[in-house]
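The structure appears below as structure tokens.
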Amino acid sequence: MSKDNNKKKLSPWLIYGGILLMFFAISYVTGGSTWNDPKPTSLSNFYKFLDKNEVDKVVFNKSTAKVYLKKEALAKKEHEGIKKKTILDKPNEGPHYTLEIGNTELFQKKLDKALEAGKISDYNPEPESMWGDLLLTLLPILILVALWIFMMRRMSGGGGAGGGGQIFNIGKSKAKLFDEKNDIKVTFKDVAGLEGAKEEIQEIVEFLKNPEKYTNIGGKIPKGALLVGPPGTGKTLLAKAVAGEAQVPFFSLSGSDFVEMFVGVGASRVRDLFKQAKEKSPAIIFIDEIDAVGRARGKSNFSGSNDERENTLNQLLTEMDGFGTNTNVIVLAATNRADVLDKALLRAGRFDRQIYVDLPDIRERKEIFEVHLKPLKKSETLDTDFLAKQTPGFSGADIANVCNEAALTAARKDKKSVDKQDFLDAVDRIVGGLEKKNKIISKEEKRAIAIHEAGHATISWMLEHAHPLVKVTIVPRGQSLGAAWYLPEERLIVRPEQMLDEMCATMGGRAAEKVVFDKISTGALSDLEKVTKQARAMVTIYGLNDKLGNVTYYDSSGQSEYNFSKPYSEETAKTIDQEISTLIESQYQRAIQIINDNEDKLLKLADILIDKEVIFKDDLEDIFGKRPFESTDTEAITES
């Protein structure tokens, strides 16, 4: 552990307590004079007290005198205005009165006579001193200054990198430095799958370890590499592996670390970051979520005012194109919003390479499972190939979550190891949501749900390109009242007939309700949403509609979101709406026809579903027989 981690942090409550103790200490030392000030009186009254033999002693300087009364005098009625005790419940030993003395010589002669006559025990002339009053005057100011310094240190990050926690160092870089002193245990062996991305990243590490191999034949080391991909695919994990493998200083920070409430701080931190990296060259700078500062300039600044984020981006562009090719500083960045980044940031010479980190395929998912299964006590019969098939579309983070949920499920059931069923339950939990066993459903609603899900199962079983079914359940999960699980094929391209079969299977639930009850319900909301998206994609994106022809209105650059007009006319918009509606209605009627032809089998399937609540592929084979177009290379997904 570092020294900074071993330092004990000072609690602010200790500071507040110390201030209170200081006030009480002053009260104690001064005898409570802060709260029990001596009562002002006149010189003539003092002489009366002196004549009555009530004064014990007097302390005076050039201008004022403090009078201490005898204990028996304090009990008299004329002195009842004097407080008998201090705030700390101590006897008030004085001074009890204070007065202006005027002529010091005459006053001292009067005291000499009283002392000779035994009317007072003592008097004491003291030099004029302002320290006590000065301390009491300055103490609140000193306390306020101390509190201000404390608050400024807390606001500036409390000792961040390169700053020491001071407000004056707020423009310093907040990047964390990882070098040979830091123990980075993540290596490329811990990154499963992502073979193409790993190969490119490993080459960048090789650039820094052995630059002469490339520069001797005239090559230039790339300035930067941008990792792009969906969330959870392993972009940050790849960067950690680079930090563990490169054996060079590695500066890591987030794009939001540049953003601050003070003007000019972001640009200042960029300058300081690159200055540190050049001093420790060769080095790597990793900026996670770079879209926080790298968004396209001039798109959202409608106010026309100075934009701090744009200033930070301008400085980043300057620094990336400013350092020489021999400084050996490479910038890595990660984002899942590459479409919103400024074009100047993506040009060659800044980010020379864009490395796409995609969702893992079935083979890569198996490798990722093997990494995350290592710490688990798993069953000997557990098949990773089966797990990979059951998790299509899952990212690396999703697979890690599945493994953890499976372990929690096994522990909840008091098992000694994690088996296949625990993983299936974990996938159900993640995709479908938490099982709601206490949800009250009437018999009519339960039958309607069973008919709906049996409709999905029937259509998908009868159509060639629809995904074959694995299981159907009417147990409520999350926001859905039932779900059907399918085994989709891995397709790199999709043909119109495949999309139409999938749309027909999606409409199977509503079609079954219409045929059996001659009524429809709101239970098909998610089906309608899915099928509408598919139809709109066929018409407006993929150019699969005969009426519109080979036209797409899709903008892969992502810049269309800033346009205020549609890329087609009102006439075309009407045509698009008509074609989408025609597509959906044709598949709905097709689904009704298939349900009518197999209504008896559908009702039989629904009865089994009501009885068991969960049915599997074997139950469908008993009713419908084997599918003639069964595929072997399949994976599982769900549809509610």
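Ordering of the structure tokens sets the chain letters (A, B, ...), residue numbers begin anew at 1 in every chain, and ligands are numbered from 1 in the order given.
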
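Near Glu206 in chain A, within a cut-off of 12 Å and counting only C-alpha atoms, sit the residues Glu199, Glu200, Ile201, Gln202, Asn210, Pro211, Glu212, Lys213, Tyr214, Ile221, Pro222, Val242, Glu245, Ala246, Gln247, Val248, Pro282, Asn328 and Ile330 of chain A, with same-chain residues fewer than 4 positions away left out.
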
Practice problem: Just the residues within 12 Å of Glu364 in chain A, please, counting only C-alpha atoms, with nothing from its chain fewer than 6 positions along; format it as a ChimeraX atom specification. | Solution: /A:191-196,233,358,370-371,384-385,387-389,391-396,399

Would you put the residues from that selection into a file with N, CA, C and O atoms, as a JSON list (two decimals), in the first residue's frame?
[["chain", "number", "residue", "atom", "x", "y", "z"],
["A", 191, "VAL", "N", -7.89, -11.30, -20.55],
["A", 191, "VAL", "CA", -8.87, -10.78, -21.51],
["A", 191, "VAL", "C", -9.22, -11.89, -22.48],
["A", 191, "VAL", "O", -8.45, -12.21, -23.39],
["A", 192, "ALA", "N", -10.39, -12.49, -22.28],
["A", 192, "ALA", "CA", -10.82, -13.58, -23.16],
["A", 192, "ALA", "C", -11.54, -13.01, -24.38],
["A", 192, "ALA", "O", -12.16, -11.96, -24.31],
["A", 193, "GLY", "N", -11.45, -13.73, -25.50],
["A", 193, "GLY", "CA", -12.06, -13.25, -26.73],
["A", 193, "GLY", "C", -11.33, -12.02, -27.25],
["A", 193, "GLY", "O", -10.15, -11.81, -26.98],
["A", 194, "LEU", "N", -12.02, -11.18, -28.00],
["A", 194, "LEU", "CA", -11.48, -9.91, -28.50],
["A", 194, "LEU", "C", -10.14, -10.09, -29.20],
["A", 194, "LEU", "O", -9.22, -9.29, -29.02],
["A", 195, "GLU", "N", -10.01, -11.13, -30.00],
["A", 195, "GLU", "CA", -8.71, -11.46, -30.60],
["A", 195, "GLU", "C", -8.19, -10.33, -31.48],
["A", 195, "GLU", "O", -7.02, -9.95, -31.41],
["A", 196, "GLY", "N", -9.07, -9.77, -32.34],
["A", 196, "GLY", "CA", -8.63, -8.70, -33.23],
["A", 196, "GLY", "C", -8.21, -7.46, -32.47],
["A", 196, "GLY", "O", -7.17, -6.85, -32.75],
["A", 233, "THR", "N", -18.22, -4.46, -23.16],
["A", 233, "THR", "CA", -17.52, -5.39, -24.06],
["A", 233, "THR", "C", -16.05, -5.54, -23.71],
["A", 233, "THR", "O", -15.37, -6.38, -24.30],
["A", 358, "ASP", "N", -16.40, -5.47, -30.39],
["A", 358, "ASP", "CA", -17.78, -5.88, -30.63],
["A", 358, "ASP", "C", -18.25, -6.85, -29.54],
["A", 358, "ASP", "O", -17.45, -7.36, -28.74],
["A", 370, "GLU", "N", -15.02, -19.30, -19.34],
["A", 370, "GLU", "CA", -13.93, -20.05, -18.71],
["A", 370, "GLU", "C", -13.11, -19.17, -17.77],
["A", 370, "GLU", "O", -12.61, -19.62, -16.74],
["A", 371, "VAL", "N", -12.97, -17.87, -18.12],
["A", 371, "VAL", "CA", -12.25, -16.94, -17.24],
["A", 371, "VAL", "C", -13.04, -16.68, -15.97],
["A", 371, "VAL", "O", -12.50, -16.75, -14.86],
["A", 384, "THR", "N", -19.41, -25.60, -20.75],
["A", 384, "THR", "CA", -19.28, -24.19, -21.13],
["A", 384, "THR", "C", -19.84, -23.93, -22.53],
["A", 384, "THR", "O", -20.28, -22.83, -22.82],
["A", 385, "ASP", "N", -19.79, -24.94, -23.41],
["A", 385, "ASP", "CA", -20.39, -24.77, -24.74],
["A", 385, "ASP", "C", -21.89, -24.50, -24.62],
["A", 385, "ASP", "O", -22.44, -23.66, -25.33],
["A", 387, "LEU", "N", -23.43, -23.17, -22.01],
["A", 387, "LEU", "CA", -23.62, -21.84, -21.44],
["A", 387, "LEU", "C", -23.44, -20.76, -22.50],
["A", 387, "LEU", "O", -24.17, -19.77, -22.52],
["A", 388, "ALA", "N", -22.46, -20.95, -23.38],
["A", 388, "ALA", "CA", -22.22, -19.97, -24.45],
["A", 388, "ALA", "C", -23.42, -19.89, -25.39],
["A", 388, "ALA", "O", -23.78, -18.80, -25.86],
["A", 389, "LYS", "N", -24.07, -21.04, -25.67],
["A", 389, "LYS", "CA", -25.24, -21.06, -26.55],
["A", 389, "LYS", "C", -26.45, -20.39, -25.89],
["A", 389, "LYS", "O", -27.31, -19.85, -26.57],
["A", 391, "THR", "N", -26.50, -17.75, -24.04],
["A", 391, "THR", "CA", -26.33, -16.33, -23.75],
["A", 391, "THR", "C", -26.01, -15.52, -25.01],
["A", 391, "THR", "O", -24.97, -14.87, -25.08],
["A", 392, "PRO", "N", -26.85, -15.57, -26.04],
["A", 392, "PRO", "CA", -26.58, -14.76, -27.25],
["A", 392, "PRO", "C", -26.75, -13.27, -26.95],
["A", 392, "PRO", "O", -27.64, -12.88, -26.19],
["A", 393, "GLY", "N", -25.88, -12.47, -27.56],
["A", 393, "GLY", "CA", -25.99, -11.02, -27.37],
["A", 393, "GLY", "C", -25.48, -10.52, -26.04],
["A", 393, "GLY", "O", -25.57, -9.33, -25.75],
["A", 394, "PHE", "N", -24.92, -11.40, -25.20],
["A", 394, "PHE", "CA", -24.40, -10.99, -23.90],
["A", 394, "PHE", "C", -22.99, -10.42, -24.07],
["A", 394, "PHE", "O", -22.17, -10.96, -24.81],
["A", 395, "SER", "N", -22.70, -9.34, -23.38],
["A", 395, "SER", "CA", -21.35, -8.78, -23.37],
["A", 395, "SER", "C", -20.52, -9.48, -22.29],
["A", 395, "SER", "O", -21.04, -10.29, -21.51],
["A", 396, "GLY", "N", -19.24, -9.14, -22.23],
["A", 396, "GLY", "CA", -18.38, -9.72, -21.20],
["A", 396, "GLY", "C", -18.86, -9.38, -19.80],
["A", 396, "GLY", "O", -18.82, -10.23, -18.90],
["A", 399, "ILE", "N", -21.83, -11.58, -18.94],
["A", 399, "ILE", "CA", -21.42, -12.95, -18.61],
["A", 399, "ILE", "C", -20.87, -13.01, -17.19],
["A", 399, "ILE", "O", -21.14, -13.96, -16.44]]

Quiz item: Between CA of Gly102 in chain A and CA of Leu115 in chain A, what is the distance, to one decimal in Å?
Solution: 20.0 Å

Quiz item: If you run DSSP on the backbone, which residues of range 267-423 of chain A are helix (DSSP H, G or I), as a VMD selection string?
Solution: chain A and resid 267 to 279 291 to 294 308 to 322 325 to 327 338 to 340 343 to 346 362 to 373 384 to 389 396 to 412 420 to 423

Quiz item: Hey, what's within 9 Å of Asp51 in chain A if we count only C-alpha atoms and toss same-chain stuff fewer than 4 positions away? As a list of chain:residue names, please?
Solution: A:Phe46, A:Tyr47, A:Val55, A:Ala114, A:Lys119

Quiz item: In Å to one decimal, how far is CA of Ile623 in chain A from CA of Lys436 in chain A?
Solution: 29.2 Å

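If you count only C-alpha atoms and ignore residues fewer than 3 places along the chain from Val293 in chain A, what sits within 9 Å of it is Gly255, Ser256, Phe258, Val259, Glu289, Ile290, Arg309, Glu310, Thr312, Leu313 and Leu341 of chain A.
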
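Using only C-alpha atoms, the contacts of range 460-463 of chain A at a cut-off of 8 Å, with sequence neighbours closer than 5 positions omitted, comprise Pro468, Leu469, Asp501, Glu502, Ala505 and Arg627 of chain A.
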
Would you mind exporting the chosen residues as an mmCIF file, in the first residue's frame, restricted to N, CA and C atoms?
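As written to disk, result04.cif reads:
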data_model
loop_
_atom_site.group_PDB
_atom_site.id
_atom_site.type_symbol
_atom_site.label_atom_id
_atom_site.label_comp_id
_atom_site.auth_asym_id
_atom_site.auth_seq_id
_atom_site.Cartn_x
_atom_site.Cartn_y
_atom_site.Cartn_z
ATOM 1 N N PRO A 468 -36.637 -21.499 -33.354
ATOM 2 C CA PRO A 468 -37.289 -22.617 -32.649
ATOM 3 C C PRO A 468 -37.323 -22.388 -31.149
ATOM 4 N N LEU A 469 -38.355 -22.928 -30.532
ATOM 5 C CA LEU A 469 -38.611 -22.661 -29.124
ATOM 6 C C LEU A 469 -37.827 -23.605 -28.212
ATOM 7 N N ASP A 501 -40.843 -13.943 -41.211
ATOM 8 C CA ASP A 501 -41.198 -15.070 -40.335
ATOM 9 C C ASP A 501 -41.091 -14.666 -38.865
ATOM 10 N N GLU A 502 -40.058 -13.906 -38.514
ATOM 11 C CA GLU A 502 -39.896 -13.454 -37.127
ATOM 12 C C GLU A 502 -41.032 -12.521 -36.728
ATOM 13 N N ALA A 505 -44.145 -14.627 -36.123
ATOM 14 C CA ALA A 505 -44.077 -15.316 -34.825
ATOM 15 C C ALA A 505 -44.324 -14.339 -33.677
ATOM 16 N N ARG A 627 -39.808 -30.640 -35.964
ATOM 17 C CA ARG A 627 -39.721 -29.623 -37.032
ATOM 18 C C ARG A 627 -38.911 -30.204 -38.191
#

Quiz item: So which residues of range 228-434 of chain A fall under strand (DSSP E) by DSSP, listed as JSON, numbers by chain?
Solution: {"A": [228, 250, 251, 252, 253, 254, 283, 284, 285, 286, 287, 288, 329, 330, 331, 332, 333, 334, 335, 353, 354, 355, 356]}

Keeping N, CA and C atoms, export the residues of the selection given above as a compact mmCIF listing (two decimals), in the first residue's frame.
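Below you can see part-v2.txt, which holds the result:
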# COMPACT_ATOMS: atom_id res chain seq x y z
N VAL A 228 -13.70 1.54 -29.51
CA VAL A 228 -15.12 1.83 -29.71
C VAL A 228 -15.91 0.53 -29.59
N PHE A 250 1.81 4.70 -17.08
CA PHE A 250 0.47 4.63 -17.65
C PHE A 250 -0.41 5.61 -16.89
N PHE A 251 -0.87 6.66 -17.57
CA PHE A 251 -1.72 7.68 -16.95
C PHE A 251 -3.18 7.36 -17.28
N SER A 252 -3.99 7.17 -16.26
CA SER A 252 -5.39 6.80 -16.47
C SER A 252 -6.31 7.84 -15.84
N LEU A 253 -7.30 8.29 -16.62
CA LEU A 253 -8.29 9.22 -16.10
C LEU A 253 -9.55 9.16 -16.97
N SER A 254 -10.62 9.78 -16.46
CA SER A 254 -11.89 9.80 -17.19
C SER A 254 -12.04 11.14 -17.89
N ALA A 283 5.43 6.70 -22.58
CA ALA A 283 4.30 6.59 -21.66
C ALA A 283 3.01 6.42 -22.46
N ILE A 284 1.97 6.00 -21.74
CA ILE A 284 0.63 5.83 -22.33
C ILE A 284 -0.34 6.67 -21.52
N ILE A 285 -1.20 7.41 -22.22
CA ILE A 285 -2.30 8.14 -21.58
C ILE A 285 -3.60 7.44 -21.98
N PHE A 286 -4.41 7.08 -20.97
CA PHE A 286 -5.71 6.44 -21.25
C PHE A 286 -6.82 7.35 -20.76
N ILE A 287 -7.70 7.79 -21.67
CA ILE A 287 -8.84 8.64 -21.34
C ILE A 287 -10.11 7.82 -21.54
N ASP A 288 -10.74 7.43 -20.45
CA ASP A 288 -11.98 6.66 -20.52
C ASP A 288 -13.16 7.60 -20.72
N VAL A 329 4.82 9.03 -26.74
CA VAL A 329 3.62 9.12 -25.90
C VAL A 329 2.43 8.72 -26.76
N ILE A 330 1.73 7.69 -26.35
CA ILE A 330 0.57 7.19 -27.11
C ILE A 330 -0.69 7.42 -26.28
N VAL A 331 -1.73 7.90 -26.93
CA VAL A 331 -3.00 8.17 -26.26
C VAL A 331 -3.98 7.07 -26.61
N LEU A 332 -4.51 6.40 -25.59
CA LEU A 332 -5.60 5.44 -25.74
C LEU A 332 -6.88 6.11 -25.22
N ALA A 333 -7.98 5.88 -25.88
CA ALA A 333 -9.26 6.42 -25.41
C ALA A 333 -10.35 5.39 -25.66
N ALA A 334 -11.41 5.47 -24.87
CA ALA A 334 -12.52 4.53 -25.00
C ALA A 334 -13.83 5.29 -24.98
N THR A 335 -14.78 4.84 -25.79
CA THR A 335 -16.11 5.43 -25.82
C THR A 335 -17.09 4.46 -26.46
N ARG A 353 -5.84 5.04 -35.18
CA ARG A 353 -6.52 3.75 -35.28
C ARG A 353 -7.82 3.78 -34.48
N GLN A 354 -8.86 3.22 -35.07
CA GLN A 354 -10.10 2.98 -34.34
C GLN A 354 -10.29 1.47 -34.22
N ILE A 355 -10.25 0.99 -32.99
CA ILE A 355 -10.35 -0.45 -32.73
C ILE A 355 -11.77 -0.74 -32.24
N TYR A 356 -12.54 -1.49 -33.04
CA TYR A 356 -13.92 -1.79 -32.68
C TYR A 356 -13.96 -3.03 -31.80
